[in-house]
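*Asks:* Data file model15.pdb (PDB, C-alpha atoms and all ligand atoms) is appended below.
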```
ATOM      1  CA  MET A   1     118.074  81.635  94.044
ATOM      2  CA  THR A   2     114.366  81.544  93.373
ATOM      3  CA  GLN A   3     111.959  83.833  95.215
ATOM      4  CA  ASP A   4     110.684  80.852  97.187
ATOM      5  CA  GLU A   5     114.238  79.905  98.224
ATOM      6  CA  LEU A   6     114.736  83.477  99.510
ATOM      7  CA  LYS A   7     111.428  83.227 101.416
ATOM      8  CA  LYS A   8     112.546  79.915 102.903
ATOM      9  CA  ALA A   9     115.902  81.393 103.960
ATOM     10  CA  VAL A  10     114.256  84.226 105.929
ATOM     11  CA  GLY A  11     111.564  81.939 107.351
ATOM     12  CA  TRP A  12     114.237  79.686 108.835
ATOM     13  CA  ALA A  13     116.457  82.620 109.876
ATOM     14  CA  ALA A  14     113.616  83.903 112.066
ATOM     15  CA  LEU A  15     114.001  80.802 114.228
ATOM     16  CA  ASP A  16     117.052  82.472 115.851
ATOM     17  CA  PHE A  17     114.656  84.972 117.475
ATOM     18  CA  VAL A  18     112.402  82.344 119.070
ATOM     19  CA  GLU A  19     113.010  81.878 122.807
ATOM     20  CA  PRO A  20     112.327  78.412 124.266
ATOM     21  CA  GLY A  21     109.317  78.304 126.594
ATOM     22  CA  THR A  22     107.501  81.198 124.915
ATOM     23  CA  ILE A  23     104.325  81.617 122.876
ATOM     24  CA  VAL A  24     105.104  82.894 119.386
ATOM     25  CA  GLY A  25     102.922  85.172 117.217
ATOM     26  CA  VAL A  26     102.661  83.693 113.743
ATOM     27  CA  GLY A  27     101.706  85.419 110.489
ATOM     28  CA  THR A  28     100.178  84.247 107.243
ATOM     29  CA  GLY A  29     101.344  83.644 103.678
ATOM     30  CA  SER A  30     103.999  81.673 101.829
ATOM     31  CA  THR A  31     106.949  83.210 103.729
ATOM     32  CA  ALA A  32     105.240  82.729 107.089
ATOM     33  CA  ALA A  33     104.547  79.113 106.039
ATOM     34  CA  HIS A  34     108.315  78.533 105.855
ATOM     35  CA  PHE A  35     108.633  80.007 109.341
ATOM     36  CA  ILE A  36     105.950  77.610 110.586
ATOM     37  CA  ASP A  37     107.893  74.686 109.091
ATOM     38  CA  ALA A  38     110.970  75.923 110.942
ATOM     39  CA  LEU A  39     108.977  76.362 114.155
ATOM     40  CA  GLY A  40     107.941  72.715 113.859
ATOM     41  CA  THR A  41     111.539  71.774 114.725
ATOM     42  CA  MET A  42     111.054  73.537 118.103
ATOM     43  CA  LYS A  43     107.826  71.722 118.916
ATOM     44  CA  GLY A  44     107.974  70.747 122.581
ATOM     45  CA  LYS A  45     110.523  73.490 123.308
ATOM     46  CA  ILE A  46     108.067  76.371 122.809
ATOM     47  CA  GLU A  47     104.789  76.644 124.680
ATOM     48  CA  GLY A  48     102.875  77.237 121.475
ATOM     49  CA  ALA A  49     101.698  79.903 119.044
ATOM     50  CA  VAL A  50      99.046  82.539 118.462
ATOM     51  CA  SER A  51      97.943  82.499 114.844
ATOM     52  CA  SER A  52      96.792  85.263 112.494
ATOM     53  CA  SER A  53      94.611  83.104 110.232
ATOM     54  CA  GLU A  54      92.701  79.851 109.915
ATOM     55  CA  ALA A  55      95.265  78.704 107.308
ATOM     56  CA  SER A  56      98.227  79.217 109.644
ATOM     57  CA  THR A  57      96.311  77.653 112.540
ATOM     58  CA  GLU A  58      95.714  74.535 110.467
ATOM     59  CA  LYS A  59      99.389  74.300 109.515
ATOM     60  CA  LEU A  60     100.571  74.861 113.084
ATOM     61  CA  LYS A  61      98.215  72.196 114.421
ATOM     62  CA  ALA A  62      99.262  69.752 111.705
ATOM     63  CA  LEU A  63     102.837  70.114 112.971
ATOM     64  CA  GLY A  64     101.698  69.476 116.552
ATOM     65  CA  ILE A  65     102.216  73.052 117.781
ATOM     66  CA  PRO A  66      99.538  74.130 120.317
ATOM     67  CA  VAL A  67      97.586  77.197 119.151
ATOM     68  CA  PHE A  68      96.350  79.601 121.825
ATOM     69  CA  ASP A  69      93.418  82.016 121.719
ATOM     70  CA  LEU A  70      94.808  85.565 121.790
ATOM     71  CA  ASN A  71      92.314  86.427 124.547
ATOM     72  CA  ASP A  72      94.125  84.036 126.868
ATOM     73  CA  ILE A  73      97.497  85.726 126.334
ATOM     74  CA  ASP A  74      98.725  88.915 128.062
ATOM     75  CA  CYS A  75     101.763  89.523 125.904
ATOM     76  CA  LEU A  76     103.812  88.026 123.118
ATOM     77  CA  SER A  77     107.514  88.681 122.787
ATOM     78  CA  ILE A  78     107.654  88.278 118.992
ATOM     79  CA  TYR A  79     105.347  88.276 115.990
ATOM     80  CA  VAL A  80     106.828  86.910 112.757
ATOM     81  CA  ASP A  81     105.143  87.644 109.435
ATOM     82  CA  GLY A  82     105.749  88.420 105.764
ATOM     83  CA  ALA A  83     104.898  91.582 103.848
ATOM     84  CA  ASP A  84     103.843  92.614 100.370
ATOM     85  CA  GLU A  85     105.981  95.769 100.513
ATOM     86  CA  ILE A  86     108.323  97.287 103.110
ATOM     87  CA  ASN A  87     109.935 100.729 102.999
ATOM     88  CA  THR A  88     113.044 102.115 104.690
ATOM     89  CA  GLN A  89     110.997 103.309 107.703
ATOM     90  CA  MET A  90     109.844  99.668 108.149
ATOM     91  CA  HIS A  91     106.266 100.611 107.237
ATOM     92  CA  MET A  92     104.598  97.810 105.320
ATOM     93  CA  ILE A  93     101.720  96.905 103.051
ATOM     94  CA  LYS A  94     100.246  93.585 104.081
ATOM     95  CA  GLY A  95      97.090  91.628 103.340
ATOM     96  CA  GLY A  96      97.886  89.951 100.046
ATOM     97  CA  GLY A  97      96.607  86.811 101.759
ATOM     98  CA  ALA A  98      93.518  88.628 103.126
ATOM     99  CA  ALA A  99      94.600  88.099 106.753
ATOM    100  CA  LEU A 100      95.430  91.757 107.457
ATOM    101  CA  THR A 101      92.996  92.343 110.336
ATOM    102  CA  ARG A 102      94.038  89.389 112.458
ATOM    103  CA  GLU A 103      97.677  90.094 111.530
ATOM    104  CA  LYS A 104      97.328  93.658 112.805
ATOM    105  CA  ILE A 105      95.701  92.497 116.029
ATOM    106  CA  VAL A 106      98.360  89.894 116.842
ATOM    107  CA  ALA A 107     101.129  92.339 115.839
ATOM    108  CA  ALA A 108      99.649  94.926 118.229
ATOM    109  CA  VAL A 109     100.080  92.553 121.153
ATOM    110  CA  ALA A 110     103.678  91.605 120.325
ATOM    111  CA  GLU A 111     106.682  93.442 121.727
ATOM    112  CA  THR A 112     108.746  92.871 118.572
ATOM    113  CA  PHE A 113     107.479  92.592 114.997
ATOM    114  CA  ILE A 114     109.885  90.603 112.837
ATOM    115  CA  CYS A 115     109.167  91.029 109.131
ATOM    116  CA  ILE A 116     110.457  88.233 106.899
ATOM    117  CA  ALA A 117     110.559  89.048 103.195
ATOM    118  CA  ASP A 118     112.523  88.453 100.044
ATOM    119  CA  ALA A 119     114.312  91.491  98.637
ATOM    120  CA  SER A 120     111.672  92.085  95.935
ATOM    121  CA  LYS A 121     109.405  93.428  98.704
ATOM    122  CA  GLN A 122     111.705  96.388  99.483
ATOM    123  CA  VAL A 123     110.432  99.707  98.053
ATOM    124  CA  ASP A 124     111.154 103.417  98.444
ATOM    125  CA  VAL A 125     107.467 104.413  98.324
ATOM    126  CA  LEU A 126     104.619 102.087  99.262
ATOM    127  CA  GLY A 127     101.703 101.644  96.898
ATOM    128  CA  LYS A 128     102.729  99.776  93.785
ATOM    129  CA  PHE A 129     101.258  96.676  95.408
ATOM    130  CA  PRO A 130      97.495  97.309  95.634
ATOM    131  CA  LEU A 131      96.563  98.223  99.196
ATOM    132  CA  PRO A 132      94.131  95.681 100.692
ATOM    133  CA  VAL A 133      91.216  97.080 102.686
ATOM    134  CA  GLU A 134      88.922  94.748 104.667
ATOM    135  CA  VAL A 135      85.340  95.983 104.479
ATOM    136  CA  ILE A 136      81.996  94.957 106.026
ATOM    137  CA  PRO A 137      80.063  93.544 103.010
ATOM    138  CA  MET A 138      77.150  96.054 103.137
ATOM    139  CA  ALA A 139      79.625  98.975 103.000
ATOM    140  CA  ARG A 140      81.441  97.782  99.857
ATOM    141  CA  SER A 141      80.094 100.379  97.413
ATOM    142  CA  TYR A 142      80.202 103.273  99.871
ATOM    143  CA  VAL A 143      83.795 102.542 100.857
ATOM    144  CA  ALA A 144      84.782 102.058  97.205
ATOM    145  CA  ARG A 145      83.420 105.542  96.381
ATOM    146  CA  GLN A 146      85.408 107.076  99.250
ATOM    147  CA  LEU A 147      88.560 105.293  98.081
ATOM    148  CA  VAL A 148      88.092 106.826  94.620
ATOM    149  CA  ARG A 149      87.760 110.264  96.263
ATOM    150  CA  LEU A 150      91.104 109.609  97.967
ATOM    151  CA  GLY A 151      92.694 108.998  94.556
ATOM    152  CA  GLY A 152      92.687 105.199  94.464
ATOM    153  CA  ARG A 153      91.215 102.635  92.078
ATOM    154  CA  PRO A 154      89.509 100.017  94.265
ATOM    155  CA  GLU A 155      88.995  96.521  92.909
ATOM    156  CA  TYR A 156      86.732  93.977  94.578
ATOM    157  CA  ARG A 157      88.738  90.798  95.298
ATOM    158  CA  GLN A 158      86.345  88.330  93.706
ATOM    159  CA  GLY A 159      85.483  85.156  95.574
ATOM    160  CA  VAL A 160      87.404  86.066  98.744
ATOM    161  CA  VAL A 161      85.729  86.112 102.139
ATOM    162  CA  THR A 162      88.066  86.872 105.045
ATOM    163  CA  ASP A 163      88.284  84.721 108.181
ATOM    164  CA  ASN A 164      86.086  87.436 109.745
ATOM    165  CA  GLY A 165      83.348  87.110 107.080
ATOM    166  CA  ASN A 166      84.173  90.336 105.253
ATOM    167  CA  ILE A 167      85.307  91.335 101.739
ATOM    168  CA  ILE A 168      88.553  92.821 100.452
ATOM    169  CA  LEU A 169      88.933  95.886  98.225
ATOM    170  CA  ASP A 170      92.409  96.119  96.669
ATOM    171  CA  VAL A 171      93.288  99.754  95.997
ATOM    172  CA  TRP A 172      95.483 100.466  92.998
ATOM    173  CA  GLY A 173      97.199 103.675  91.989
ATOM    174  CA  LEU A 174      98.160 105.054  95.415
ATOM    175  CA  SER A 175     101.601 106.583  95.906
ATOM    176  CA  ILE A 176     101.721 106.447  99.678
ATOM    177  CA  VAL A 177     104.006 109.243 100.880
ATOM    178  CA  ASP A 178     102.283 109.520 104.277
ATOM    179  CA  PRO A 179     101.610 105.914 105.344
ATOM    180  CA  LEU A 180     100.609 106.841 108.904
ATOM    181  CA  GLY A 181      98.152 109.528 107.756
ATOM    182  CA  LEU A 182      96.561 107.284 105.126
ATOM    183  CA  GLU A 183      96.327 104.362 107.540
ATOM    184  CA  GLU A 184      94.398 106.549 109.986
ATOM    185  CA  ALA A 185      92.195 108.141 107.287
ATOM    186  CA  LEU A 186      91.171 104.791 105.827
ATOM    187  CA  ASN A 187      90.458 103.260 109.214
ATOM    188  CA  ALA A 188      88.158 106.205 109.974
ATOM    189  CA  LEU A 189      85.789 105.337 107.078
ATOM    190  CA  PRO A 190      82.607 103.674 108.344
ATOM    191  CA  GLY A 191      82.545 100.091 107.076
ATOM    192  CA  VAL A 192      86.325  99.692 106.964
ATOM    193  CA  VAL A 193      87.472  97.005 109.395
ATOM    194  CA  THR A 194      91.115  97.782 108.793
ATOM    195  CA  ASN A 195      93.542  98.428 105.963
ATOM    196  CA  GLY A 196      96.812  96.762 105.025
ATOM    197  CA  LEU A 197      99.071  99.666 105.959
ATOM    198  CA  PHE A 198     101.251  98.744 108.910
ATOM    199  CA  ALA A 199     102.719 102.157 109.753
ATOM    200  CA  ALA A 200     101.365 102.795 113.265
ATOM    201  CA  ARG A 201     102.698  99.337 114.080
ATOM    202  CA  ALA A 202     105.752  99.081 111.828
ATOM    203  CA  ALA A 203     108.269  96.243 111.851
ATOM    204  CA  ASP A 204     111.033  96.401 114.469
ATOM    205  CA  ILE A 205     113.316  93.973 112.692
ATOM    206  CA  ALA A 206     113.328  92.965 109.021
ATOM    207  CA  LEU A 207     115.004  89.820 107.752
ATOM    208  CA  ILE A 208     115.488  90.366 104.033
ATOM    209  CA  GLY A 209     116.375  87.480 101.750
ATOM    210  CA  THR A 210     118.987  88.374  99.133
ATOM    211  CA  ALA A 211     121.262  86.366  96.838
ATOM    212  CA  ASP A 212     124.111  87.263  99.233
ATOM    213  CA  GLY A 213     122.319  85.943 102.311
ATOM    214  CA  VAL A 214     119.830  87.173 104.895
ATOM    215  CA  LYS A 215     120.200  90.869 105.750
ATOM    216  CA  ILE A 216     119.078  91.950 109.233
ATOM    217  CA  ILE A 217     117.656  95.498 109.465
ATOM    218  CA  LYS A 218     116.712  97.061 112.798
ATOM    219  CA  ARG A 219     114.492 100.108 113.256
TER     220      ARG A 219
HETATM  221  C1  LIG B   1      98.883  87.884 104.264
HETATM  222  C2  LIG B   1     100.066  88.783 104.264
HETATM  223  C3  LIG B   1     101.355  88.199 103.822
HETATM  224  O1  LIG B   1     102.288  88.340 104.839
HETATM  225  C4  LIG B   1     101.819  88.935 102.589
HETATM  226  O2  LIG B   1     100.793  88.883 101.602
HETATM  227  C5  LIG B   1     103.096  88.311 102.020
HETATM  228  O3  LIG B   1     102.799  87.046 101.514
HETATM  229  P1  LIG B   1     103.903  86.071 100.968
HETATM  230  O4  LIG B   1     104.786  85.720 102.109
HETATM  231  O5  LIG B   1     103.117  84.883 100.454
HETATM  232  O6  LIG B   1     104.649  86.766  99.854
HETATM  233  O7  LIG B   1     100.021  89.938 104.616
HETATM  234  O8  LIG B   1      97.704  88.588 104.559
END
```
Rewrite the coordinates I just gave you, this time as structure tokens.
Ligand code: 5RP

*Replies:*
Amino acid sequence: MTQDELKKAVGWAALDFVEPGTIVGVGTGSTAAHFIDALGTMKGKIEGAVSSSEASTEKLKALGIPVFDLNDIDCLSIYVDGADEINTQMHMIKGGGAALTREKIVAAVAETFICIADASKQVDVLGKFPLPVEVIPMARSYVARQLVRLGGRPEYRQGVVTDNGNIILDVWGLSIVDPLGLEEALNALPGVVTNGLFAARAADIALIGTADGVKIIKR
């Protein structure tokens, strides 16, 4: 199976967790796009979705799924999203698609975070995938210097402006043995909006696409 076929398998498998009549939290990226396609088959049975990016909003609307403003929602039962890496504690690196901040906000509201990923995303130690950090534009150089002091090699993601009008620094060379500690330390830097470590809000369920089928892992 190709990587995209594995992504499609988990995207459609996540449909089993969607309750009719609910509003569903929806992530961003190529795996989440398969989930949105699957969700399209439940149009009319679900109330709608809350989206984590302009790209996902556009796709949801194109399929006729109502998209709600998060401010109008008290709670979400599930949030379904992909990941760039996931470890055995269900901590993740996310933000390869630059949507990390909105993803973290929607995930914070959801009772259950369902991570959908192909097996190549499973790692023992996070950090081979460069850690995305969303930064207020005027703080780019300052934050980059602090990231170097923390042992990373930040790289400005050229030509990318987030949905929030900010820039992304991708940090290479981190071996992240304390995801929770690093997540907190990075978020404490002035100018950082958020970083792509999802340790404080880890996944509750992971659907992992393998050649032998979709594996379900629960925290
Ligand atoms: C976007 C994300 C994505 O979930 C992550 O990059 C995985 O993407 P894909 O499903 O395309 O492999 O965090 O900001």

*Asks:* Apply the PyMOL selection byres (((chain A and resi 66-81) around 7) and not hetatm) to the file shown and report the selected residues as JSON, numbers by chain.

*Replies:* {"A": [23, 24, 25, 26, 27, 28, 32, 48, 49, 50, 51, 57, 61, 64, 65, 82, 83, 107, 109, 110, 111, 112, 113, 114, 115, 116]}

*Asks:* Can I get the selection written as a CSV table (one decimal), keeping the file's coordinate frame, with C-alpha atoms?

*Replies:*
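Result file follows (out.csv):
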```
chain,number,residue,atom,x,y,z
A,23,ILE,CA,104.3,81.6,122.9
A,24,VAL,CA,105.1,82.9,119.4
A,25,GLY,CA,102.9,85.2,117.2
A,26,VAL,CA,102.7,83.7,113.7
A,27,GLY,CA,101.7,85.4,110.5
A,28,THR,CA,100.2,84.2,107.2
A,32,ALA,CA,105.2,82.7,107.1
A,48,GLY,CA,102.9,77.2,121.5
A,49,ALA,CA,101.7,79.9,119.0
A,50,VAL,CA,99.0,82.5,118.5
A,51,SER,CA,97.9,82.5,114.8
A,57,THR,CA,96.3,77.7,112.5
A,61,LYS,CA,98.2,72.2,114.4
A,64,GLY,CA,101.7,69.5,116.6
A,65,ILE,CA,102.2,73.1,117.8
A,82,GLY,CA,105.7,88.4,105.8
A,83,ALA,CA,104.9,91.6,103.8
A,107,ALA,CA,101.1,92.3,115.8
A,109,VAL,CA,100.1,92.6,121.2
A,110,ALA,CA,103.7,91.6,120.3
A,111,GLU,CA,106.7,93.4,121.7
A,112,THR,CA,108.7,92.9,118.6
A,113,PHE,CA,107.5,92.6,115.0
A,114,ILE,CA,109.9,90.6,112.8
A,115,CYS,CA,109.2,91.0,109.1
A,116,ILE,CA,110.5,88.2,106.9
```

*Asks:* May I ask which of the residues A:Pro154, A:Pro132, A:Gly127, A:Gly11 is the closest one to Leu100 (chain A), counting all atoms listed in the file?

*Replies:*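 Selected residue with least distance to Leu100 (chain A): A:Pro132.
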
*Asks:* List the residues matched by the PyMOL selection byres (((chain A and resi 90) around 7) and not hetatm) in the displayed structure as a PDB file with C-alpha atoms, in the frame of the given file, ordered by chain and then by residue number.

*Replies:*
```pdb
ATOM      1  CA  ILE A  86     108.323  97.287 103.110  1.00  0.00           C
ATOM      2  CA  ASN A  87     109.935 100.729 102.999  1.00  0.00           C
ATOM      3  CA  THR A  88     113.044 102.115 104.690  1.00  0.00           C
ATOM      4  CA  GLN A  89     110.997 103.309 107.703  1.00  0.00           C
ATOM      5  CA  HIS A  91     106.266 100.611 107.237  1.00  0.00           C
ATOM      6  CA  MET A  92     104.598  97.810 105.320  1.00  0.00           C
ATOM      7  CA  ALA A 202     105.752  99.081 111.828  1.00  0.00           C
ATOM      8  CA  ALA A 203     108.269  96.243 111.851  1.00  0.00           C
ATOM      9  CA  ARG A 219     114.492 100.108 113.256  1.00  0.00           C
TER      10      ARG A 219
END
```

*Asks:* Hey, which bits of chain A sit within 9 Å of ligand LIG 1 (chain B), and for each residue what's the closest pair of atoms and how far apart in Å (one decimal), counting only C-alpha atoms and all ligand atoms, rows by chain and increasing number, as a Markdown table?

*Replies:*
```
| residue | atom | partner | partner_atom | distance |
| --- | --- | --- | --- | --- |
| A:Asp4 | CA | B:LIG1 | O6 | 8.9 |
| A:Lys7 | CA | B:LIG1 | O4 | 7.1 |
| A:Gly27 | CA | B:LIG1 | O1 | 6.4 |
| A:Thr28 | CA | B:LIG1 | C1 | 4.9 |
| A:Gly29 | CA | B:LIG1 | O5 | 3.9 |
| A:Ser30 | CA | B:LIG1 | O5 | 3.6 |
| A:Thr31 | CA | B:LIG1 | O4 | 3.7 |
| A:Ala32 | CA | B:LIG1 | O4 | 5.8 |
| A:Ala33 | CA | B:LIG1 | O4 | 7.7 |
| A:His34 | CA | B:LIG1 | O4 | 8.8 |
| A:Ser52 | CA | B:LIG1 | O8 | 8.7 |
| A:Ser53 | CA | B:LIG1 | O8 | 8.5 |
| A:Asp81 | CA | B:LIG1 | O1 | 5.5 |
| A:Gly82 | CA | B:LIG1 | O1 | 3.6 |
| A:Ala83 | CA | B:LIG1 | C5 | 4.2 |
| A:Asp84 | CA | B:LIG1 | C5 | 4.7 |
| A:Glu85 | CA | B:LIG1 | C5 | 8.1 |
| A:Ile93 | CA | B:LIG1 | O7 | 7.3 |
| A:Lys94 | CA | B:LIG1 | O7 | 3.7 |
| A:Gly95 | CA | B:LIG1 | O8 | 3.3 |
| A:Gly96 | CA | B:LIG1 | O2 | 3.5 |
| A:Gly97 | CA | B:LIG1 | O8 | 3.5 |
| A:Ala98 | CA | B:LIG1 | O8 | 4.4 |
| A:Ala99 | CA | B:LIG1 | O8 | 3.8 |
| A:Leu100 | CA | B:LIG1 | O8 | 4.9 |
| A:Thr101 | CA | B:LIG1 | O8 | 8.3 |
| A:Arg102 | CA | B:LIG1 | O8 | 8.7 |
| A:Glu103 | CA | B:LIG1 | O8 | 7.1 |
| A:Cys115 | CA | B:LIG1 | O1 | 8.5 |
| A:Ile116 | CA | B:LIG1 | O4 | 7.8 |
| A:Ala117 | CA | B:LIG1 | O4 | 6.8 |
| A:Asp118 | CA | B:LIG1 | O6 | 8.1 |
| A:Lys121 | CA | B:LIG1 | O6 | 8.3 |
| A:Pro132 | CA | B:LIG1 | O8 | 8.8 |
| A:Gly196 | CA | B:LIG1 | O7 | 7.6 |
```

*Asks:* Restricting the calculation to only C-alpha atoms: of A:Leu197, A:Leu180, A:Ile105, A:Ile217, which residue gets closest to Pro130 (chain A)?

*Replies:*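 Looking only at the distances to Pro130 (chain A), the closest residue turns out to be A:Leu197.
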
*Asks:* I need the residue nearest Asp163 (chain A) from this list: A:Val18, A:Ala185, A:Met1, A:Ala55. Use only C-alpha atoms for the distance.

*Replies:*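 Of the candidates, the smallest distance to Asp163 (chain A) is held by A:Ala55.
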
*Asks:* Give me the result of the PyMOL selection byres (((chain A and resi 146) around 12) and not hetatm) on this file, residue by residue, as a list in words.

*Replies:*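 Against this file, the PyMOL selection byres (((chain A and resi 146) around 12) and not hetatm) returns the residues Ala139, Arg140, Ser141, Tyr142, Val143, Ala144, Arg145, Leu147, Val148, Arg149, Leu150, Gly151, Gly152, Arg153, Pro154, Leu169, Val171, Ala185, Leu186, Asn187, Ala188, Leu189, Pro190, Gly191 and Val192 of chain A.
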
*Asks:* Can you work out the spacing between CA of Leu15 (chain A) and CA of Ala199 (chain A) in Å, to one decimal?

*Replies:*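 According to the coordinates, CA of Leu15 (chain A) and CA of Ala199 (chain A) are separated by 24.6 Å.
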
*Asks:* What does the distance from CA of Gln3 (chain A) to CA of Ala206 (chain A) come to in Å, to one decimal?

*Replies:*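 The value is 16.6 Å.
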
*Asks:* Quick one: pull the distance between CA of Phe198 (chain A) and CA of Ala14 (chain A), Å, one decimal.

*Replies:*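 These two atoms are separated by 19.6 Å.
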
*Asks:* Using only C-alpha atoms, which of A:Glu54, A:Trp172, A:Val106, A:Ala9 sits nearest Arg201 (chain A)?

*Replies:* A:Val106

*Asks:* Of the residues A:Phe35, A:Gly209, A:Thr162, A:Thr2, which is the one nearest to Gln122 (chain A), using all atoms listed in the file?

*Replies:*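 Nearest candidate to Gln122 (chain A) out of A:Phe35, A:Gly209, A:Thr162, A:Thr2: A:Gly209.
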
*Asks:* Edge lengths and centre, in Å to one decimal, as AutoDock Vina command-line options: that's what I need for the box along x, y and z that holds all listed atoms of region 90-108 of chain A plus 8 Å on each side.

*Replies:*
```
--center_x 101.4 --center_y 93.7 --center_z 109.1 --size_x 32.8 --size_y 29.8 --size_z 34.2
```

*Asks:* Output region 68-75 of chain A as a PDB file, in the coordinates of the input, making sure all heavy atoms are there.

*Replies:*
```pdb
ATOM      1  N   PHE A  68      97.086  78.947 120.739  1.00  0.00           N
ATOM      2  CA  PHE A  68      96.350  79.601 121.825  1.00  0.00           C
ATOM      3  C   PHE A  68      95.427  80.677 121.274  1.00  0.00           C
ATOM      4  O   PHE A  68      95.711  81.304 120.244  1.00  0.00           O
ATOM      5  CB  PHE A  68      97.331  80.262 122.805  1.00  0.00           C
ATOM      6  CG  PHE A  68      98.109  79.271 123.629  1.00  0.00           C
ATOM      7  CD1 PHE A  68      99.279  78.703 123.138  1.00  0.00           C
ATOM      8  CD2 PHE A  68      97.662  78.885 124.892  1.00  0.00           C
ATOM      9  CE1 PHE A  68      99.993  77.781 123.893  1.00  0.00           C
ATOM     10  CE2 PHE A  68      98.376  77.962 125.646  1.00  0.00           C
ATOM     11  CZ  PHE A  68      99.545  77.410 125.146  1.00  0.00           C
ATOM     12  N   ASP A  69      94.315  80.898 122.006  1.00  0.00           N
ATOM     13  CA  ASP A  69      93.418  82.016 121.719  1.00  0.00           C
ATOM     14  C   ASP A  69      94.115  83.286 122.217  1.00  0.00           C
ATOM     15  O   ASP A  69      94.618  83.316 123.348  1.00  0.00           O
ATOM     16  CB  ASP A  69      92.109  81.781 122.495  1.00  0.00           C
ATOM     17  CG  ASP A  69      91.035  82.813 122.164  1.00  0.00           C
ATOM     18  OD1 ASP A  69      91.379  84.000 121.983  1.00  0.00           O
ATOM     19  OD2 ASP A  69      89.859  82.422 122.101  1.00  0.00           O
ATOM     20  N   LEU A  70      94.119  84.319 121.400  1.00  0.00           N
ATOM     21  CA  LEU A  70      94.808  85.565 121.790  1.00  0.00           C
ATOM     22  C   LEU A  70      94.239  86.140 123.087  1.00  0.00           C
ATOM     23  O   LEU A  70      94.956  86.780 123.859  1.00  0.00           O
ATOM     24  CB  LEU A  70      94.708  86.595 120.659  1.00  0.00           C
ATOM     25  CG  LEU A  70      95.452  87.909 120.874  1.00  0.00           C
ATOM     26  CD1 LEU A  70      96.963  87.684 120.976  1.00  0.00           C
ATOM     27  CD2 LEU A  70      95.150  88.898 119.759  1.00  0.00           C
ATOM     28  N   ASN A  71      92.939  85.891 123.331  1.00  0.00           N
ATOM     29  CA  ASN A  71      92.314  86.427 124.547  1.00  0.00           C
ATOM     30  C   ASN A  71      92.877  85.815 125.830  1.00  0.00           C
ATOM     31  O   ASN A  71      92.677  86.358 126.914  1.00  0.00           O
ATOM     32  CB  ASN A  71      90.800  86.193 124.499  1.00  0.00           C
ATOM     33  CG  ASN A  71      90.146  87.059 123.449  1.00  0.00           C
ATOM     34  OD1 ASN A  71      90.346  88.260 123.425  1.00  0.00           O
ATOM     35  ND2 ASN A  71      89.406  86.442 122.547  1.00  0.00           N
ATOM     36  N   ASP A  72      93.552  84.697 125.690  1.00  0.00           N
ATOM     37  CA  ASP A  72      94.125  84.036 126.868  1.00  0.00           C
ATOM     38  C   ASP A  72      95.585  84.419 127.095  1.00  0.00           C
ATOM     39  O   ASP A  72      96.241  83.870 127.979  1.00  0.00           O
ATOM     40  CB  ASP A  72      94.012  82.502 126.719  1.00  0.00           C
ATOM     41  CG  ASP A  72      92.564  82.060 126.663  1.00  0.00           C
ATOM     42  OD1 ASP A  72      91.713  82.743 127.276  1.00  0.00           O
ATOM     43  OD2 ASP A  72      92.275  81.057 125.980  1.00  0.00           O
ATOM     44  N   ILE A  73      96.073  85.362 126.280  1.00  0.00           N
ATOM     45  CA  ILE A  73      97.497  85.726 126.334  1.00  0.00           C
ATOM     46  C   ILE A  73      97.620  87.200 126.723  1.00  0.00           C
ATOM     47  O   ILE A  73      96.924  88.052 126.158  1.00  0.00           O
ATOM     48  CB  ILE A  73      98.132  85.570 124.913  1.00  0.00           C
ATOM     49  CG1 ILE A  73      97.888  84.169 124.354  1.00  0.00           C
ATOM     50  CG2 ILE A  73      99.611  85.943 124.913  1.00  0.00           C
ATOM     51  CD1 ILE A  73      98.537  83.077 125.123  1.00  0.00           C
ATOM     52  N   ASP A  74      98.508  87.516 127.671  1.00  0.00           N
ATOM     53  CA  ASP A  74      98.725  88.915 128.062  1.00  0.00           C
ATOM     54  C   ASP A  74      99.703  89.610 127.121  1.00  0.00           C
ATOM     55  O   ASP A  74      99.563  90.772 126.801  1.00  0.00           O
ATOM     56  CB  ASP A  74      99.325  88.998 129.475  1.00  0.00           C
ATOM     57  CG  ASP A  74      98.312  88.551 130.499  1.00  0.00           C
ATOM     58  OD1 ASP A  74      97.124  88.678 130.207  1.00  0.00           O
ATOM     59  OD2 ASP A  74      98.728  88.060 131.561  1.00  0.00           O
ATOM     60  N   CYS A  75     100.750  88.902 126.773  1.00  0.00           N
ATOM     61  CA  CYS A  75     101.763  89.523 125.904  1.00  0.00           C
ATOM     62  C   CYS A  75     102.481  88.452 125.099  1.00  0.00           C
ATOM     63  O   CYS A  75     102.499  87.280 125.467  1.00  0.00           O
ATOM     64  CB  CYS A  75     102.753  90.331 126.749  1.00  0.00           C
ATOM     65  SG  CYS A  75     103.744  89.292 127.817  1.00  0.00           S
TER      66      CYS A  75
END
```
